[in-house]
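Taking it in order: structure first as structure tokens, then the write-up.
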Amino acid sequence: MYSFEPTEEQRMLIDAVHRYAEKDLQPAARDAEEENALPANLIEKGWELGVLQASIPEAYGGFGEHSTVTGVLAAEEMAWGDLAASLAVMAPAAFVLPILFGGTEAQKETWIPPVIEAEWKPFVAAFIEPDFDFTPMEMRTLANKGKTGYSLNGVKAYVPYADQAQAFLVFANLEHKTEAFILPADTKGITVGEREKLLGVQALPLFRLALDDVLVPLEARVGGEEGADMSRSIASAQVTVAAMAVGMSRAALEYTIPYAKEREVWGKPIAQKQSIAFMLAEMAIEIEAIRMQVWEAAWKLDHDKEDAAKSAYLGLTGASDMAMRVTDCAVQVLGGHGYIREHPVELWMRNGRGIPVFAGLAMV
Amino acid sequence: MISFEMPEKIEHAVVLAETIAENMMRPVSRQFDENEHEIPWDYIEFMHTSLKAMGGGGLTPSGEKKKKEGPRISFQRMAFQTEVLSWGDVGMWLCTPGGGLGAAAVNAAGTDEQKARFLARHRGEKPVFDAFALTEPHAGSAMPAEVRTTAVKDGEEWVLNGEKIFVTAGNKALVDSEGFVVIWATIDLEAGRAGVRPFVVEAGTPGCKVTKLEHKLGIRASDTVSIILEDCRIPSENILGSPEVVKKKDKKGFKGAMATFDATRPVVAASALGIARATLEKLKELLAERGVEIRYGLPRSRMTNIEREIVDMEVMLRSAWLLTLKAMWQMDEKKPNTLAASMSKVRAGDVVVKITQRAIELLGPLGYTREFLLEKWFRDAKINDLYEGTGQINRLIVARQILGYTRHELS
């Protein structure tokens with residue numbers, strides 16, 4: 001059957017995440033952006049909500065089963081509060097989940113509990129590459145198999161907390177397939193570069209990572225000798241960012257509505273003018289339509305549907321356009337005030353343009 | 001629990017609808033487009049027989065209360081059937097006998113007695129149609145506030161006077177079959193929309209005449225007519241809703257009738273998306289025949305223009321469909337769905353117009369030729385942005401809902 005209703009348990013999680021987003025993330029977002037830093041206790045508080053922990057089986061230190069649907073519901077709600085902080089809170093998931101999905105038993109036992117059972121720690125993924133035409137299925141960072149292990153060469157970009165990372169999950173091209181490799185942070189040949197200076201999400205520390213003849217043992221490859229198909233993880237990364245785009249766009253609309261009802265022109269609220277009212281209606285329609293698409297993609301991933309990866313890709317494509325349009329409209333409705341950094345809409349617009357780039361930073 | 005698993009019952013309905021669409025609709029789609037006002041009786045008779053075998057009453061779920069096992073899915077099922085039959089031919093789908101917009105109004109606002117009396121005809125020997133007449137020559141979107149057709153009580157009868165236009169299937173309901181038309185008239189011209197009520201006028205009633213068959217851009221298999229009411233007398237019990245002349249602020253009778261749109265707007269959305277899917281499939285088929293491969297998963301910087309167009313169309317189509325399905329799921333679940341209904345109507349209207357326009361542009365001379373149905377779908381598409389409320393009226397409804405405005409505050 002079809003249903004568009006979260007379970008009671010999911011509802012409780014959404015409510016908890018919403019409280020955090022409203023009480024903690026939203027008030028902190030502007031300062032974090034201006035100061036280029038997220039307070040550690042802010043991230044820790046989000047981590048303690050247990051979104052990732054609840055999707056890891058007990059055997060590996062968690063307390064639940066993995067559900068992409070639950071994950072996107074949480075991601076959407078958190079990003080409603082702030083995108084940069086949400087990406088930070090959920091960054092370790094991009095390290096853990098590919099191991100959960102495709103790792104060997106030994107890898108799961110070694111690498112998942114230290115992340116899950118502790119406070120938030122920067123176990124992160126090195127996924128994105130600094131190319132205009134970056135494609136997750138055709139990475140330019142190369143892995144070559146030798147007798148005793150693999151050598152990795154290439155440049156990764158937008159790696160969260162690379163300067164203090166405990167370990168990296170490096171995605172690389174091994175014989176034309178995207179695979180993942182677990183690298184302790186002190187592995188020889190890894191150079192953490194300059195912090196990225198970006199249009200938005202400036203609160204989130206992201207770095208370049210150079211890999212020069214980095215040698216890793218055979219067991220560093222996720223899935224061991226057989227390796228593991230990373231398309232499931234890539235799809236997860238896509239729906240995560242798509243869900244966050246939905247949450248952020250919802251926040252933009254919700255901020256814009258009361259403003260439009262208060263701001264007057266010629267003695268009448270601008271919301272009573274069709275040019276503004278129609279814009280608001282279209283924002284709401286776009287958000288809801290893409291939201292359903294993201295939910296469906298997540299559900300397909302949970303049920304191993306054949307076209308799940310395609311749905312995730314289409315979901316992110318739709319979410320990218322939607323977020324740009326919605327956040328742009330939000331600035332437009334506020335007019336000149338929307339351009340001033342006293343209001344959050346300009347930040348959402350800057351973050352909105354980044355949605356197509358951010359897949360790979362976090363995962364659910 | 002959030003789920004996108006198609007129930008088996010819907011799956012069966014879809015398979016059946018696909019067979020009909022492929023075998024009974026597509027082969028004659030062009031013929032009925034080029035011979036406007038010819039009636040697709042083969043399709044009609046077949047649908048009548050098979051709908052009767054399934055219990056009758058057309059595609060529209062009846063308001064009759066029946067306890068059944070499992071979740072309610074009849075509105076969702078209708079959305080799927082509508083999508084598939086419109087994929088086949090939207091003009092012919094509009095000719096589906098039984099349970100059209102008239103029946104939807106009876107279901108939304110009628111008593112059990114009225115439902116039994118007016119809808120029983122759909123289960124008879126011959127196919128019967130019904131229609132819904134709201135628009136008048138002087139006003140469309142301003143309806144029903146500006147209804148000028150009057151209903152005056154005279155003893156045990158209502159006497160109707162006025163003119164209705166743009167009545168879909170009006171000819172089939174009044175001339176080609178023993179059907180009925182739901183006429184919106186006012187019982188108190190001073191009361192504005194609070195005085196407006198739907199009335200059931202049955203075929204053969206003296207004083208009710210079809211005066212004009214429109215010639216249209218598309219949906220040519222479906223008749224669109226004008227109806228004139230001249231001292232048309234109907235029994236007093238043919239009023240849907242309260243016969244009381246209501247106070248200005250009391251909108252009950254009116255609201256009940258407006259509930260019709262909560263059900264019909266997502267249906268139009270589903271129909272629109274059937275055309276959109278037909279177009280996208282044909283576009284991809286023609287491209288594939290010419291060796292154009294569509295790759296998925298690439299960033300835009302690596303896509304060809306055609307790939308980008310197709311990916312964008314797939315996003316539009318799927319997201320609009322899910323919005324439509326949600327609005328219908330809310331109907332089944334008896335949740336308020338005015339917002340989702342209008343949202344789906346806006347989005348689907350936009351999507352079908354965009355996709356049909358873009359497909360023709362992308363295919364150049366192949367898109368523009370009447371050798372294929374693409375140019376027909378482009379013409380058929382536009383009606384979806386017009387009937388059951390234009391895109392603009394539905395945007396207004398969405399805006400009022402999200403802003404918490406009344407129609408006085410935002411119009």
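Labeling convention for the structure tokens: chains A, B, ... as they appear, residues from 1 per chain, ligands from 1 in order of appearance.
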Once you count only C-alpha atoms, which residues of chain A turn out to be within 9 Å of chain B? Could you give them as a PyMOL selection string? chain A and resi 1-8+10+69+132-137+257-258+261+271-274+277-282+284-286+288-296+299-300+309-311+313-315+317-318+356
Output N, CA and C atoms for every residue in that selection, as a compact mmCIF listing (two decimals), in the first residue's frame.
```
# COMPACT_ATOMS: atom_id res chain seq x y z
N MET A 1 0.82 -1.20 0.00
CA MET A 1 0.00 0.00 0.00
C MET A 1 0.86 1.26 0.00
N TYR A 2 0.21 2.34 -0.35
CA TYR A 2 0.89 3.62 -0.29
C TYR A 2 0.58 4.28 1.04
N SER A 3 1.56 4.95 1.60
CA SER A 3 1.30 5.77 2.78
C SER A 3 2.33 6.89 2.86
N PHE A 4 1.86 8.03 3.26
CA PHE A 4 2.72 9.20 3.36
C PHE A 4 2.87 9.64 4.81
N GLU A 5 2.68 8.67 5.70
CA GLU A 5 2.67 8.98 7.11
C GLU A 5 3.83 8.29 7.83
N PRO A 6 4.70 9.06 8.48
CA PRO A 6 5.77 8.44 9.26
C PRO A 6 5.18 7.61 10.41
N THR A 7 5.94 6.63 10.87
CA THR A 7 5.50 5.84 12.02
C THR A 7 5.55 6.70 13.28
N GLU A 8 4.94 6.18 14.32
CA GLU A 8 4.95 6.88 15.61
C GLU A 8 6.39 7.12 16.07
N GLN A 10 9.12 7.25 14.20
CA GLN A 10 9.75 8.26 13.34
C GLN A 10 9.27 9.66 13.72
N VAL A 69 14.68 5.76 5.01
CA VAL A 69 13.51 6.64 5.17
C VAL A 69 13.61 7.42 6.48
N PHE A 132 35.29 20.28 -12.20
CA PHE A 132 33.96 20.82 -12.54
C PHE A 132 33.01 19.70 -12.94
N ASP A 133 33.56 18.62 -13.49
CA ASP A 133 32.70 17.53 -13.98
C ASP A 133 32.82 16.28 -13.11
N PHE A 134 33.07 16.51 -11.81
CA PHE A 134 33.22 15.38 -10.89
C PHE A 134 32.01 14.44 -10.96
N THR A 135 32.30 13.16 -11.09
CA THR A 135 31.25 12.14 -11.18
C THR A 135 31.57 11.01 -10.22
N PRO A 136 30.67 10.71 -9.30
CA PRO A 136 30.96 9.68 -8.29
C PRO A 136 31.33 8.32 -8.90
N MET A 137 30.77 8.01 -10.07
CA MET A 137 31.06 6.69 -10.63
C MET A 137 32.34 6.66 -11.47
N ILE A 257 7.01 33.60 4.78
CA ILE A 257 5.56 33.79 4.90
C ILE A 257 5.19 34.91 5.91
N PRO A 258 5.66 34.83 7.17
CA PRO A 258 5.29 35.91 8.09
C PRO A 258 5.83 37.28 7.66
N LYS A 261 3.52 38.71 5.19
CA LYS A 261 2.23 39.11 5.78
C LYS A 261 2.35 40.41 6.58
N ALA A 271 1.94 39.99 0.89
CA ALA A 271 1.40 38.63 0.70
C ALA A 271 0.03 38.67 0.05
N GLN A 272 -0.64 39.82 0.12
CA GLN A 272 -1.96 39.93 -0.51
C GLN A 272 -1.87 40.34 -1.98
N LYS A 273 -0.64 40.48 -2.46
CA LYS A 273 -0.43 40.74 -3.89
C LYS A 273 -0.16 39.40 -4.58
N GLN A 274 -0.82 39.21 -5.70
CA GLN A 274 -0.66 37.91 -6.37
C GLN A 274 0.78 37.61 -6.78
N ALA A 277 2.15 36.27 -3.63
CA ALA A 277 1.40 35.09 -3.17
C ALA A 277 1.65 33.90 -4.09
N PHE A 278 1.69 34.15 -5.39
CA PHE A 278 1.93 33.05 -6.34
C PHE A 278 3.34 32.48 -6.16
N MET A 279 4.29 33.39 -5.90
CA MET A 279 5.66 32.92 -5.69
C MET A 279 5.71 32.00 -4.47
N LEU A 280 5.02 32.42 -3.40
CA LEU A 280 4.99 31.60 -2.19
C LEU A 280 4.31 30.26 -2.46
N ALA A 281 3.22 30.30 -3.23
CA ALA A 281 2.51 29.05 -3.54
C ALA A 281 3.43 28.12 -4.32
N GLU A 282 4.15 28.67 -5.28
CA GLU A 282 5.03 27.82 -6.09
C GLU A 282 6.17 27.25 -5.27
N ALA A 284 5.98 26.49 -2.11
CA ALA A 284 5.39 25.40 -1.31
C ALA A 284 5.17 24.15 -2.16
N ILE A 285 4.71 24.35 -3.39
CA ILE A 285 4.43 23.20 -4.27
C ILE A 285 5.73 22.47 -4.64
N GLU A 286 6.73 23.25 -5.00
CA GLU A 286 8.04 22.67 -5.36
C GLU A 286 8.59 21.83 -4.21
N GLU A 288 7.06 20.48 -1.62
CA GLU A 288 6.29 19.27 -1.31
C GLU A 288 6.49 18.20 -2.38
N ALA A 289 6.55 18.60 -3.64
CA ALA A 289 6.71 17.62 -4.72
C ALA A 289 8.07 16.92 -4.62
N ILE A 290 9.12 17.70 -4.42
CA ILE A 290 10.46 17.11 -4.34
C ILE A 290 10.61 16.29 -3.06
N ARG A 291 9.95 16.76 -2.02
CA ARG A 291 9.99 16.03 -0.75
C ARG A 291 9.47 14.61 -0.94
N MET A 292 8.35 14.48 -1.65
CA MET A 292 7.79 13.15 -1.89
C MET A 292 8.74 12.30 -2.72
N GLN A 293 9.42 12.97 -3.67
CA GLN A 293 10.35 12.23 -4.51
C GLN A 293 11.55 11.71 -3.70
N VAL A 294 11.99 12.51 -2.76
CA VAL A 294 13.11 12.09 -1.91
C VAL A 294 12.67 10.93 -1.01
N TRP A 295 11.49 11.03 -0.47
CA TRP A 295 10.96 9.94 0.37
C TRP A 295 10.88 8.65 -0.45
N GLU A 296 10.39 8.78 -1.65
CA GLU A 296 10.25 7.56 -2.47
C GLU A 296 11.61 6.95 -2.78
N TRP A 299 12.79 5.17 0.24
CA TRP A 299 12.04 3.93 0.42
C TRP A 299 12.54 2.86 -0.56
N LYS A 300 12.82 3.26 -1.78
CA LYS A 300 13.33 2.30 -2.76
C LYS A 300 14.69 1.76 -2.35
N ALA A 309 18.81 3.57 -7.38
CA ALA A 309 19.94 4.50 -7.60
C ALA A 309 19.52 5.63 -8.53
N LYS A 310 18.76 5.26 -9.56
CA LYS A 310 18.28 6.29 -10.49
C LYS A 310 17.34 7.27 -9.77
N SER A 311 16.48 6.73 -8.93
CA SER A 311 15.56 7.59 -8.18
C SER A 311 16.31 8.56 -7.27
N TYR A 313 19.33 9.67 -7.72
CA TYR A 313 19.96 10.66 -8.60
C TYR A 313 18.94 11.70 -9.05
N LEU A 314 17.77 11.23 -9.48
CA LEU A 314 16.73 12.17 -9.92
C LEU A 314 16.25 13.02 -8.74
N GLY A 315 16.18 12.42 -7.56
CA GLY A 315 15.78 13.17 -6.37
C GLY A 315 16.73 14.32 -6.09
N THR A 317 18.76 15.70 -8.27
CA THR A 317 18.65 16.67 -9.37
C THR A 317 17.47 17.62 -9.12
N GLY A 318 16.34 17.03 -8.76
CA GLY A 318 15.15 17.85 -8.48
C GLY A 318 15.37 18.75 -7.28
N PRO A 356 23.94 20.68 -5.31
CA PRO A 356 24.44 19.65 -6.24
C PRO A 356 25.88 19.22 -5.95
```
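Atom pair CA of Ala105 in chain B / CA of Thr264 in chain B: separated by 9.4 Å.
The gap separating CA of Val222 in chain A from CA of Ala125 in chain A is 12.7 Å, in Å to one decimal.
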Contacts of range 94-107 of chain A at 8 Å or less, counting only C-alpha atoms, minus same-chain residues fewer than 5 places along, as a tab-separated table (two decimals) with C-alpha atoms, in the first residue's frame?
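File around-v4.tsv, as written:
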```tsv
chain	number	residue	atom	x	y	z
A	56	ILE	CA	23.39	0.62	13.39
A	112	ILE	CA	32.04	0.92	13.48
A	115	VAL	CA	32.59	5.80	15.99
A	123	PHE	CA	35.71	9.90	11.18
A	124	VAL	CA	35.00	11.28	7.73
A	125	ALA	CA	34.66	10.43	4.07
A	168	PHE	CA	39.32	8.71	6.36
A	169	LEU	CA	37.15	6.64	4.11
A	180	ALA	CA	36.29	2.77	-0.72
A	222	VAL	CA	35.94	-2.02	2.03
A	223	GLY	CA	34.59	-5.48	1.34
A	224	GLY	CA	38.07	-7.05	1.46
A	227	GLY	CA	35.60	-5.09	-2.71
A	228	ALA	CA	32.12	-3.60	-2.46
A	229	ASP	CA	29.82	-1.87	-4.89
A	230	MET	CA	29.60	1.72	-3.75
A	232	ARG	CA	24.31	2.03	-2.62
A	233	SER	CA	26.43	4.47	-0.61
A	237	ALA	CA	24.70	10.35	-0.08
A	360	GLY	CA	29.23	12.77	-0.26
A	361	LEU	CA	29.69	14.99	2.78
A	362	ALA	CA	27.12	13.19	4.88
A	363	MET	CA	24.96	10.10	4.69
A	364	VAL	CA	21.91	8.50	6.22
```
Please identify the strand (DSSP E or B) residues within range 96-242 of chain A (assignment by DSSP from backbone atoms) and present them as a VMD selection string. chain A and resid 123 to 126 142 to 145 149 to 160 167 to 174 177 to 184 190 to 195 206 to 217 221
Leaving out range 120-126 of chain B and any residue of its chain fewer than 2 positions from it, which residues lie within 10 Å of it when counting only C-alpha atoms, given as a PyMOL selection string? chain B and resi 44-45+48-49+51-53+55-58+97-99+103+114-118+128-130+177-180
